[in-house]
Amino acid sequence: MLQGMLGRKIGMTQIFNESGECIPVTVVEVGPVTVVQIKTLEKDGYESVQVGYQPITKEKHITKPMQGHFKDTAPTRHLKEFKVHDLSQVQVGQSFDLTIFSEGEKVQVRGLSKGKGFQGVIKRHGFKGGPESHGSRFHRSPGSIGNRTFPGRVFPGKRMPGHMGAEMVTVRNLEIQKVIPEKNLLLIKGAIPSHNGALVEVRKPKTP
Amino acid sequence: MIKPLIQWVEQSQLRTDLPPLPVGAEVRVNYRIREGEKERIQAFQGVVIGKHGGPKSLTSTFTVRKVTQGFGVERTFPLHSPSIESVKVVRLGRVRRAKLYYLRNLSGKKARIREKKNA
């Protein structure tokens, strides 16, 4: 069984469970994906399965090198490798859908977080900042960034203002609330990284 | 293509059996409460002082205010919650605001709302 799948974040809403509690969920459209390449220990040095997501219909959108890569299967927009427990049960061209996931299962979701631009230390690193008033002239600045002649430099890794967001973020231990196979939708409890409509990766944890 | 999918997910859970709850109306909300194993129904009667979120959205809520022993109590209910057993509109009120937050600063005779006749 495939250990993960590509999908698209749809957005957030809420559902009510049997006891009437309101649960915040993210709707994710997941799969179906087709197996494009199987990586074996003998040939590639590790075992993995490369799958494709979202078929490309127009031939002009596929470059010549990629046409060669897709010579046995339908071309797709996104490619990603996932682990499989038993490689002998997978063939090139085989297709998987979201029924590899079950309700109540814990998954990890990986996506490109929303870009926040150039941010100061309070938003970016959670610094406390100073008092807003009562004569204070120290508000949101980072403060001192080191000592004096000794050591005479700023240590590497010092937390300072800079670009925030737009990086790959993994959120673990998210519970699947509902699997809707007819629309390829997963309802995952809580928030996941990325914009609505962006590509995300839903994966089972490494050790079950 | 994104919004229809959210609406599709929400649609099966929307409640259509409740009466319209205009702001200013006095309503009686019968709410299911779980106490361990047992389930009982608790009534909360007061004035609707605000509605939040669109009427077709599953996430929409409404706030009911009542005054008990001199203390104002406000409770916000999810409009489409299955825990709401039923809602009864006791009387309609004539108001000129969408949010009746000004009632919080008033008490006694000033906090009354005129009844809406010939609705």
# chains A, B, ... in the order shown; residues from 1 in each chain; ligands from 1
call {"tool": "interface_residues", "arguments": {"of": "chain A", "to": "chain B", "cutoff": "12 Å", "atoms": "only C-alpha atoms", "output": "NGL selection string"}}
result
:A and (8-29 or 178-180 or 182-187 or 195-198)
call {"tool": "write_last_selection", "arguments": {"atoms": "N, CA, C and O atoms", "output": "CSV table (one decimal), in the first residue's frame"}}
result
chain,number,residue,atom,x,y,z
A,8,ARG,N,-4.7,18.6,-3.1
A,8,ARG,CA,-4.9,20.1,-3.3
A,8,ARG,C,-5.7,20.5,-2.1
A,8,ARG,O,-6.7,20.0,-1.7
A,9,LYS,N,-5.2,21.6,-1.4
A,9,LYS,CA,-6.0,22.1,-0.3
A,9,LYS,C,-7.2,22.9,-0.8
A,9,LYS,O,-7.0,23.8,-1.7
A,10,ILE,N,-8.4,22.6,-0.3
A,10,ILE,CA,-9.6,23.3,-0.8
A,10,ILE,C,-9.9,24.4,0.2
A,10,ILE,O,-10.2,25.5,-0.3
A,11,GLY,N,-9.9,24.2,1.5
A,11,GLY,CA,-10.2,25.3,2.4
A,11,GLY,C,-10.7,24.7,3.7
A,11,GLY,O,-10.8,23.5,3.9
A,12,MET,N,-11.1,25.6,4.6
A,12,MET,CA,-11.5,25.1,5.9
A,12,MET,C,-13.0,25.3,6.1
A,12,MET,O,-13.6,26.2,5.6
A,13,THR,N,-13.6,24.4,6.9
A,13,THR,CA,-15.0,24.6,7.4
A,13,THR,C,-15.1,23.8,8.7
A,13,THR,O,-14.1,23.6,9.4
A,14,GLN,N,-16.3,23.4,9.1
A,14,GLN,CA,-16.4,22.7,10.3
A,14,GLN,C,-17.5,21.6,10.1
A,14,GLN,O,-18.3,21.7,9.2
A,15,ILE,N,-17.4,20.5,10.9
A,15,ILE,CA,-18.4,19.5,10.9
A,15,ILE,C,-18.9,19.2,12.4
A,15,ILE,O,-18.1,19.6,13.3
A,16,PHE,N,-20.0,18.7,12.5
A,16,PHE,CA,-20.5,18.3,13.8
A,16,PHE,C,-20.4,16.8,13.9
A,16,PHE,O,-20.9,16.1,13.0
A,17,ASN,N,-19.9,16.3,15.0
A,17,ASN,CA,-19.8,14.9,15.2
A,17,ASN,C,-21.0,14.3,15.9
A,17,ASN,O,-22.0,15.1,16.1
A,18,GLU,N,-21.0,13.0,16.3
A,18,GLU,CA,-22.3,12.4,16.8
A,18,GLU,C,-22.7,13.0,18.1
A,18,GLU,O,-23.9,13.1,18.4
A,19,SER,N,-21.7,13.4,18.9
A,19,SER,CA,-22.1,14.0,20.2
A,19,SER,C,-22.4,15.5,20.1
A,19,SER,O,-22.6,16.2,21.1
A,20,GLY,N,-22.5,16.0,18.8
A,20,GLY,CA,-22.9,17.4,18.6
A,20,GLY,C,-21.8,18.4,18.7
A,20,GLY,O,-22.0,19.6,18.7
A,21,GLU,N,-20.5,17.9,19.0
A,21,GLU,CA,-19.4,18.8,19.0
A,21,GLU,C,-19.0,19.3,17.7
A,21,GLU,O,-19.1,18.6,16.7
A,22,CYS,N,-18.6,20.6,17.6
A,22,CYS,CA,-18.2,21.2,16.4
A,22,CYS,C,-16.7,21.0,16.2
A,22,CYS,O,-15.9,21.4,17.1
A,23,ILE,N,-16.3,20.5,15.1
A,23,ILE,CA,-14.9,20.2,14.8
A,23,ILE,C,-14.4,21.0,13.6
A,23,ILE,O,-15.0,20.9,12.5
A,24,PRO,N,-13.3,21.7,13.8
A,24,PRO,CA,-12.8,22.5,12.6
A,24,PRO,C,-12.0,21.5,11.7
A,24,PRO,O,-11.2,20.7,12.2
A,25,VAL,N,-12.3,21.5,10.4
A,25,VAL,CA,-11.6,20.6,9.5
A,25,VAL,C,-11.1,21.4,8.3
A,25,VAL,O,-11.7,22.4,7.9
A,26,THR,N,-10.1,20.8,7.7
A,26,THR,CA,-9.6,21.3,6.4
A,26,THR,C,-10.0,20.3,5.3
A,26,THR,O,-9.9,19.1,5.5
A,27,VAL,N,-10.6,20.8,4.2
A,27,VAL,CA,-11.0,19.9,3.1
A,27,VAL,C,-9.8,19.8,2.2
A,27,VAL,O,-9.3,20.8,1.7
A,28,VAL,N,-9.4,18.6,1.9
A,28,VAL,CA,-8.3,18.4,1.0
A,28,VAL,C,-8.7,17.4,-0.1
A,28,VAL,O,-9.3,16.3,0.2
A,29,GLU,N,-8.5,17.8,-1.4
A,29,GLU,CA,-8.8,16.9,-2.5
A,29,GLU,C,-7.6,16.1,-2.8
A,29,GLU,O,-6.5,16.7,-3.1
A,178,LYS,N,-12.9,12.3,8.1
A,178,LYS,CA,-13.9,11.7,7.1
A,178,LYS,C,-13.2,11.4,5.8
A,178,LYS,O,-12.3,12.2,5.4
A,179,VAL,N,-13.5,10.3,5.1
A,179,VAL,CA,-13.0,10.0,3.8
A,179,VAL,C,-14.2,10.0,2.9
A,179,VAL,O,-15.2,9.3,3.1
A,180,ILE,N,-14.2,10.8,1.8
A,180,ILE,CA,-15.3,10.8,0.9
A,180,ILE,C,-14.8,10.4,-0.5
A,180,ILE,O,-14.3,11.2,-1.3
A,182,GLU,N,-16.2,9.4,-3.3
A,182,GLU,CA,-16.9,9.8,-4.5
A,182,GLU,C,-16.4,11.1,-5.0
A,182,GLU,O,-16.5,11.5,-6.2
A,183,LYS,N,-15.9,12.0,-4.1
A,183,LYS,CA,-15.4,13.3,-4.6
A,183,LYS,C,-13.9,13.4,-4.3
A,183,LYS,O,-13.4,14.6,-4.4
A,184,ASN,N,-13.3,12.4,-3.9
A,184,ASN,CA,-11.8,12.4,-3.6
A,184,ASN,C,-11.5,13.4,-2.6
A,184,ASN,O,-10.5,14.1,-2.6
A,185,LEU,N,-12.3,13.5,-1.5
A,185,LEU,CA,-12.1,14.5,-0.5
A,185,LEU,C,-11.7,13.8,0.8
A,185,LEU,O,-12.3,12.8,1.2
A,186,LEU,N,-10.8,14.5,1.5
A,186,LEU,CA,-10.4,14.1,2.9
A,186,LEU,C,-10.8,15.3,3.8
A,186,LEU,O,-10.5,16.4,3.4
A,187,LEU,N,-11.4,15.0,4.9
A,187,LEU,CA,-11.6,16.0,5.9
A,187,LEU,C,-10.6,15.8,7.1
A,187,LEU,O,-10.7,14.8,7.7
A,195,HIS,N,-1.7,27.9,0.8
A,195,HIS,CA,-2.9,28.7,0.4
A,195,HIS,C,-4.0,27.7,0.0
A,195,HIS,O,-3.7,26.5,-0.3
A,196,ASN,N,-5.2,28.2,-0.1
A,196,ASN,CA,-6.3,27.3,-0.7
A,196,ASN,C,-5.9,27.1,-2.2
A,196,ASN,O,-5.5,28.0,-2.9
A,197,GLY,N,-6.1,25.9,-2.6
A,197,GLY,CA,-5.8,25.5,-4.0
A,197,GLY,C,-4.4,25.1,-4.3
A,197,GLY,O,-4.1,24.7,-5.4
A,198,ALA,N,-3.5,25.1,-3.2
A,198,ALA,CA,-2.1,24.8,-3.5
A,198,ALA,C,-1.9,23.3,-3.3
A,198,ALA,O,-2.7,22.6,-2.6
call {"tool": "residues_around", "arguments": {"residues": "Val169 in chain A", "least_positions_apart": "4", "cutoff": "10 Å", "atoms": "only C-alpha atoms", "output": "JSON list (two decimals) with N, CA, C and O atoms, in the first residue's frame"}}
result
[["chain", "number", "residue", "atom", "x", "y", "z"],
["A", 109, "VAL", "N", 0.86, 16.28, 7.04],
["A", 109, "VAL", "CA", 0.58, 17.05, 5.84],
["A", 109, "VAL", "C", 1.71, 18.05, 5.63],
["A", 109, "VAL", "O", 2.13, 18.74, 6.56],
["A", 110, "ARG", "N", 2.23, 18.09, 4.38],
["A", 110, "ARG", "CA", 3.34, 18.96, 4.06],
["A", 110, "ARG", "C", 2.90, 19.92, 2.96],
["A", 110, "ARG", "O", 2.24, 19.51, 1.99],
["A", 111, "GLY", "N", 3.23, 21.18, 3.11],
["A", 111, "GLY", "CA", 2.87, 22.16, 2.10],
["A", 111, "GLY", "C", 3.71, 23.41, 2.22],
["A", 111, "GLY", "O", 4.43, 23.60, 3.21],
["A", 112, "LEU", "N", 3.62, 24.27, 1.20],
["A", 112, "LEU", "CA", 4.36, 25.53, 1.19],
["A", 112, "LEU", "C", 3.55, 26.56, 1.98],
["A", 112, "LEU", "O", 2.44, 26.90, 1.58],
["A", 113, "SER", "N", 4.11, 27.04, 3.10],
["A", 113, "SER", "CA", 3.35, 27.95, 3.95],
["A", 113, "SER", "C", 3.16, 29.29, 3.25],
["A", 113, "SER", "O", 3.88, 29.64, 2.34],
["A", 114, "LYS", "N", 2.15, 30.05, 3.72],
["A", 114, "LYS", "CA", 1.87, 31.36, 3.13],
["A", 114, "LYS", "C", 3.03, 32.30, 3.38],
["A", 114, "LYS", "O", 3.56, 32.37, 4.49],
["A", 165, "GLY", "N", 7.93, 32.85, 6.20],
["A", 165, "GLY", "CA", 6.92, 32.10, 5.46],
["A", 165, "GLY", "C", 7.45, 31.63, 4.12],
["A", 165, "GLY", "O", 8.65, 31.74, 3.83],
["A", 192, "ILE", "N", -3.86, 23.17, 8.01],
["A", 192, "ILE", "CA", -2.67, 22.67, 7.33],
["A", 192, "ILE", "C", -1.99, 23.83, 6.61],
["A", 192, "ILE", "O", -2.64, 24.84, 6.32],
["A", 193, "PRO", "N", -0.67, 23.72, 6.34],
["A", 193, "PRO", "CA", 0.01, 24.82, 5.66],
["A", 193, "PRO", "C", -0.48, 25.00, 4.23],
["A", 193, "PRO", "O", -1.11, 24.09, 3.69],
["A", 194, "SER", "N", -0.17, 26.15, 3.65],
["A", 194, "SER", "CA", -0.39, 26.52, 2.25],
["A", 194, "SER", "C", -1.70, 27.27, 2.01],
["A", 194, "SER", "O", -2.60, 27.28, 2.82]]
call {"tool": "atom_distance", "arguments": {"atom1": "CA of Thr99 in chain A", "atom2": "CA of Thr207 in chain A"}}
result
19.6 Å
call {"tool": "select_by_dssp", "arguments": {"residues": "range 57-110 of chain A", "states": "helix (DSSP H, G or I)", "output": "VMD selection string"}}
result
chain A and resid 59 to 61 64 to 69 87 to 89 98 to 100
call {"tool": "write_last_selection", "arguments": {"atoms": "all heavy atoms", "output": "short mmCIF file (atom, residue, chain, number, x, y, z; two decimals), in the first residue's frame"}}
result
data_model
loop_
_atom_site.label_atom_id
_atom_site.label_comp_id
_atom_site.auth_asym_id
_atom_site.auth_seq_id
_atom_site.Cartn_x
_atom_site.Cartn_y
_atom_site.Cartn_z
N GLU A 59 -0.47 18.19 -25.36
CA GLU A 59 0.86 17.64 -25.59
C GLU A 59 1.94 18.72 -25.56
O GLU A 59 3.07 18.47 -25.18
CB GLU A 59 0.89 16.92 -26.93
CG GLU A 59 2.00 15.89 -27.02
CD GLU A 59 2.00 15.16 -28.34
OE1 GLU A 59 0.90 14.98 -28.93
OE2 GLU A 59 3.08 14.80 -28.81
N LYS A 60 1.56 19.97 -25.93
CA LYS A 60 2.56 21.04 -25.98
C LYS A 60 3.06 21.42 -24.60
O LYS A 60 4.06 22.12 -24.46
CB LYS A 60 1.99 22.27 -26.69
CG LYS A 60 0.83 22.91 -25.95
CD LYS A 60 0.43 24.22 -26.61
CE LYS A 60 -0.72 24.86 -25.85
NZ LYS A 60 -1.17 26.10 -26.43
N HIS A 61 2.36 20.99 -23.55
CA HIS A 61 2.78 21.32 -22.20
C HIS A 61 3.82 20.36 -21.64
O HIS A 61 4.27 20.51 -20.52
CB HIS A 61 1.57 21.35 -21.26
CG HIS A 61 0.65 22.50 -21.53
ND1 HIS A 61 -0.68 22.46 -21.22
CD2 HIS A 61 0.88 23.71 -22.09
CE1 HIS A 61 -1.24 23.60 -21.58
NE2 HIS A 61 -0.31 24.37 -22.12
N LYS A 64 10.21 17.52 -24.22
CA LYS A 64 10.68 16.28 -24.85
C LYS A 64 11.27 15.31 -23.83
O LYS A 64 10.96 14.12 -23.84
CB LYS A 64 11.71 16.62 -25.95
CG LYS A 64 11.08 16.90 -27.30
CD LYS A 64 10.69 15.63 -28.02
CE LYS A 64 9.72 15.88 -29.16
NZ LYS A 64 10.28 16.71 -30.22
N PRO A 65 12.12 15.77 -22.90
CA PRO A 65 12.66 14.82 -21.92
C PRO A 65 11.57 14.18 -21.07
O PRO A 65 11.63 12.99 -20.76
CB PRO A 65 13.58 15.69 -21.05
CG PRO A 65 13.88 16.88 -21.86
CD PRO A 65 12.72 17.09 -22.76
N MET A 66 10.52 14.98 -20.72
CA MET A 66 9.46 14.42 -19.90
C MET A 66 8.60 13.45 -20.70
O MET A 66 8.07 12.49 -20.16
CB MET A 66 8.59 15.54 -19.31
CG MET A 66 9.28 16.37 -18.24
SD MET A 66 10.18 15.39 -17.04
CE MET A 66 8.86 14.84 -15.97
N GLN A 67 8.47 13.68 -22.01
CA GLN A 67 7.73 12.72 -22.84
C GLN A 67 8.37 11.35 -22.77
O GLN A 67 7.69 10.32 -22.73
CB GLN A 67 7.70 13.20 -24.29
CG GLN A 67 6.60 14.18 -24.58
CD GLN A 67 6.61 14.65 -26.02
OE1 GLN A 67 7.23 14.04 -26.87
NE2 GLN A 67 5.92 15.75 -26.27
N GLY A 68 9.70 11.33 -22.73
CA GLY A 68 10.41 10.06 -22.59
C GLY A 68 10.15 9.42 -21.25
O GLY A 68 9.96 8.21 -21.15
N HIS A 69 10.08 10.25 -20.20
CA HIS A 69 9.84 9.73 -18.87
C HIS A 69 8.44 9.12 -18.76
O HIS A 69 8.24 8.13 -18.06
CB HIS A 69 9.99 10.87 -17.84
CG HIS A 69 9.97 10.41 -16.43
ND1 HIS A 69 10.96 9.63 -15.88
CD2 HIS A 69 9.05 10.61 -15.43
CE1 HIS A 69 10.66 9.38 -14.61
NE2 HIS A 69 9.52 9.96 -14.32
N LEU A 87 7.16 -3.81 -2.46
CA LEU A 87 7.33 -3.30 -3.82
C LEU A 87 6.79 -4.24 -4.88
O LEU A 87 6.44 -3.82 -5.98
CB LEU A 87 8.82 -3.03 -4.06
CG LEU A 87 9.19 -1.79 -4.85
CD1 LEU A 87 8.60 -0.55 -4.21
CD2 LEU A 87 10.70 -1.65 -4.93
N SER A 88 6.69 -5.55 -4.53
CA SER A 88 6.30 -6.53 -5.55
C SER A 88 4.82 -6.40 -5.93
O SER A 88 4.39 -6.93 -6.94
CB SER A 88 6.57 -7.94 -5.03
OG SER A 88 5.80 -8.18 -3.89
N GLN A 89 4.05 -5.69 -5.12
CA GLN A 89 2.61 -5.58 -5.41
C GLN A 89 2.28 -4.34 -6.24
O GLN A 89 1.11 -4.06 -6.47
CB GLN A 89 1.83 -5.52 -4.10
CG GLN A 89 1.88 -6.84 -3.36
CD GLN A 89 1.03 -6.83 -2.11
OE1 GLN A 89 0.52 -5.80 -1.73
NE2 GLN A 89 0.90 -7.98 -1.50
N LEU A 98 -7.79 7.72 -2.69
CA LEU A 98 -7.66 8.06 -1.27
C LEU A 98 -8.15 6.97 -0.33
O LEU A 98 -8.10 7.15 0.88
CB LEU A 98 -8.36 9.39 -0.95
CG LEU A 98 -9.88 9.40 -0.76
CD1 LEU A 98 -10.28 10.75 -0.23
CD2 LEU A 98 -10.60 9.12 -2.03
N THR A 99 -8.59 5.81 -0.87
CA THR A 99 -9.01 4.74 0.03
C THR A 99 -7.83 4.11 0.76
O THR A 99 -8.04 3.24 1.61
CB THR A 99 -9.79 3.66 -0.74
OG1 THR A 99 -9.05 3.35 -1.91
CG2 THR A 99 -11.16 4.15 -1.11
N ILE A 100 -6.58 4.52 0.46
CA ILE A 100 -5.45 4.06 1.27
C ILE A 100 -5.52 4.68 2.66
O ILE A 100 -4.88 4.19 3.58
CB ILE A 100 -4.10 4.41 0.61
CG1 ILE A 100 -3.89 5.92 0.50
CG2 ILE A 100 -3.95 3.76 -0.74
CD1 ILE A 100 -2.46 6.29 0.22
#
call {"tool": "atom_distance", "arguments": {"atom1": "CA of Val92 in chain A", "atom2": "CA of Thr73 in chain A"}}
result
7.6 Å
call {"tool": "atom_distance", "arguments": {"atom1": "CA of Thr61 in chain B", "atom2": "CA of Leu79 in chain B"}}
result
4.8 Å
call {"tool": "residues_around", "arguments": {"residues": "range 101-111 of chain B", "least_positions_apart": "2", "cutoff": "10 Å", "atoms": "only C-alpha atoms", "output": "PyMOL selection string"}}
result
chain B and resi 47+49-50+65+67+70-74+97-99+113-114
call {"tool": "write_last_selection", "arguments": {"atoms": "C-alpha atoms", "output": "compact mmCIF listing (two decimals), in the first residue's frame"}}
result
# COMPACT_ATOMS: atom_id res chain seq x y z
CA VAL B 47 -33.50 38.18 22.91
CA ILE B 49 -28.93 40.35 19.83
CA GLY B 50 -26.86 39.37 16.83
CA ARG B 65 -29.16 37.53 25.75
CA VAL B 67 -31.12 38.88 32.29
CA GLY B 70 -29.87 41.13 37.64
CA PHE B 71 -27.00 39.59 35.70
CA GLY B 72 -26.96 39.69 31.94
CA VAL B 73 -26.22 36.27 30.40
CA GLU B 74 -25.31 35.87 26.74
CA ARG B 97 -29.91 47.72 14.38
CA ALA B 98 -28.37 44.46 13.16
CA LYS B 99 -26.48 44.03 16.45
CA ILE B 113 -37.81 46.13 22.92
CA ARG B 114 -41.01 47.21 21.20
call {"tool": "residues_around", "arguments": {"residues": "Gln50 in chain A", "least_positions_apart": "5", "cutoff": "9 Å", "atoms": "only C-alpha atoms", "output": "PyMOL selection string"}}
result
chain A and resi 34-39+79-83
call {"tool": "write_last_selection", "arguments": {"atoms": "C-alpha atoms", "output": "compact mmCIF listing (two decimals), in the first residue's frame"}}
result
# COMPACT_ATOMS: atom_id res chain seq x y z
CA THR A 34 -0.71 6.78 -10.99
CA VAL A 35 2.59 4.97 -10.61
CA VAL A 36 5.12 6.39 -13.09
CA GLN A 37 8.37 4.74 -11.99
CA ILE A 38 9.45 2.11 -9.49
CA LYS A 39 12.85 2.62 -7.87
CA LEU A 79 5.68 13.91 -9.61
CA LYS A 80 6.56 12.74 -6.12
CA GLU A 81 8.13 9.65 -4.55
CA PHE A 82 6.51 7.73 -1.71
CA LYS A 83 7.48 4.60 0.21
call {"tool": "closest_residue", "arguments": {"among": "A:Val33, A:Met160, A:Leu174, A:Met5", "to": "Phe96 in chain A", "atoms": "only C-alpha atoms"}}
result
A:Val33
call {"tool": "select_by_dssp", "arguments": {"residues": "range 12-126 of chain A", "states": "strand (DSSP E or B)", "output": "VMD selection string"}}
result
chain A and resid 12 to 16 22 to 30 33 to 39 48 to 55 76 to 82 84 95 to 96 106 to 112 117 to 119
call {"tool": "residues_around", "arguments": {"residues": "Leu18 in chain B", "least_positions_apart": "2", "cutoff": "12 Å", "atoms": "only C-alpha atoms", "output": "PyMOL selection string"}}
result
chain B and resi 14-16+20-21+27-30+55+79-82+84-89
call {"tool": "closest_residue", "arguments": {"among": "A:His139, A:Gln108, A:Gly162, A:Gly146", "to": "His125 in chain A", "atoms": "only C-alpha atoms"}}
result
A:Gly162
call {"tool": "closest_residue", "arguments": {"among": "A:Ser102, A:Ser95, A:Ser141, A:Gln3", "to": "Pro161 in chain A", "atoms": "only C-alpha atoms"}}
result
A:Ser141
call {"tool": "closest_residue", "arguments": {"among": "A:Thr76, A:Thr170, A:Ser136, A:Gln94", "to": "Val200 in chain A", "atoms": "only C-alpha atoms"}}
result
A:Thr170
call {"tool": "decode", "arguments": {"residues": "range 155-168 of chain A", "atoms": "N, CA, C and O atoms", "output": "mmCIF file, in the first residue's frame"}}
result
data_model
loop_
_atom_site.group_PDB
_atom_site.id
_atom_site.type_symbol
_atom_site.label_atom_id
_atom_site.label_comp_id
_atom_site.auth_asym_id
_atom_site.auth_seq_id
_atom_site.Cartn_x
_atom_site.Cartn_y
_atom_site.Cartn_z
ATOM 1 N N PHE A 155 27.069 35.960 16.792
ATOM 2 C CA PHE A 155 27.102 34.508 16.615
ATOM 3 C C PHE A 155 26.189 34.077 15.477
ATOM 4 O O PHE A 155 25.107 34.641 15.289
ATOM 5 N N PRO A 156 26.599 33.063 14.722
ATOM 6 C CA PRO A 156 25.743 32.552 13.652
ATOM 7 C C PRO A 156 24.447 32.002 14.227
ATOM 8 O O PRO A 156 24.439 31.433 15.319
ATOM 9 N N GLY A 157 23.357 32.200 13.495
ATOM 10 C CA GLY A 157 22.070 31.693 13.956
ATOM 11 C C GLY A 157 21.327 32.659 14.855
ATOM 12 O O GLY A 157 20.252 32.333 15.355
ATOM 13 N N LYS A 158 21.906 33.860 15.097
ATOM 14 C CA LYS A 158 21.223 34.882 15.901
ATOM 15 C C LYS A 158 19.893 35.223 15.241
ATOM 16 O O LYS A 158 19.843 35.493 14.034
ATOM 17 N N ARG A 159 18.835 35.216 16.026
ATOM 18 C CA ARG A 159 17.505 35.447 15.450
ATOM 19 C C ARG A 159 17.302 36.938 15.176
ATOM 20 O O ARG A 159 17.378 37.759 16.091
ATOM 21 N N MET A 160 17.090 37.260 13.921
ATOM 22 C CA MET A 160 16.962 38.661 13.508
ATOM 23 C C MET A 160 15.790 38.815 12.533
ATOM 24 O O MET A 160 15.213 37.826 12.100
ATOM 25 N N PRO A 161 15.415 40.056 12.185
ATOM 26 C CA PRO A 161 14.343 40.239 11.208
ATOM 27 C C PRO A 161 14.738 39.654 9.859
ATOM 28 O O PRO A 161 15.920 39.524 9.547
ATOM 29 N N GLY A 162 13.738 39.337 9.048
ATOM 30 C CA GLY A 162 14.027 38.808 7.724
ATOM 31 C C GLY A 162 12.783 38.207 7.102
ATOM 32 O O GLY A 162 11.672 38.399 7.592
ATOM 33 N N HIS A 163 13.010 37.486 6.023
ATOM 34 C CA HIS A 163 11.894 36.925 5.279
ATOM 35 C C HIS A 163 11.246 35.773 6.037
ATOM 36 O O HIS A 163 11.933 34.911 6.569
ATOM 37 N N MET A 164 9.917 35.797 6.065
ATOM 38 C CA MET A 164 9.191 34.806 6.842
ATOM 39 C C MET A 164 8.140 34.135 5.970
ATOM 40 O O MET A 164 7.528 34.765 5.121
ATOM 41 N N GLY A 165 7.931 32.848 6.199
ATOM 42 C CA GLY A 165 6.922 32.096 5.457
ATOM 43 C C GLY A 165 7.448 31.634 4.118
ATOM 44 O O GLY A 165 8.645 31.739 3.834
ATOM 45 N N ALA A 166 6.539 31.096 3.269
ATOM 46 C CA ALA A 166 6.880 30.567 1.946
ATOM 47 C C ALA A 166 7.979 29.528 2.039
ATOM 48 O O ALA A 166 8.922 29.509 1.274
ATOM 49 N N GLU A 167 7.880 28.639 3.047
ATOM 50 C CA GLU A 167 8.834 27.536 3.177
ATOM 51 C C GLU A 167 8.031 26.264 3.395
ATOM 52 O O GLU A 167 6.868 26.304 3.784
ATOM 53 N N MET A 168 8.664 25.115 3.142
ATOM 54 C CA MET A 168 7.957 23.855 3.294
ATOM 55 C C MET A 168 7.767 23.557 4.779
ATOM 56 O O MET A 168 8.720 23.590 5.555
#
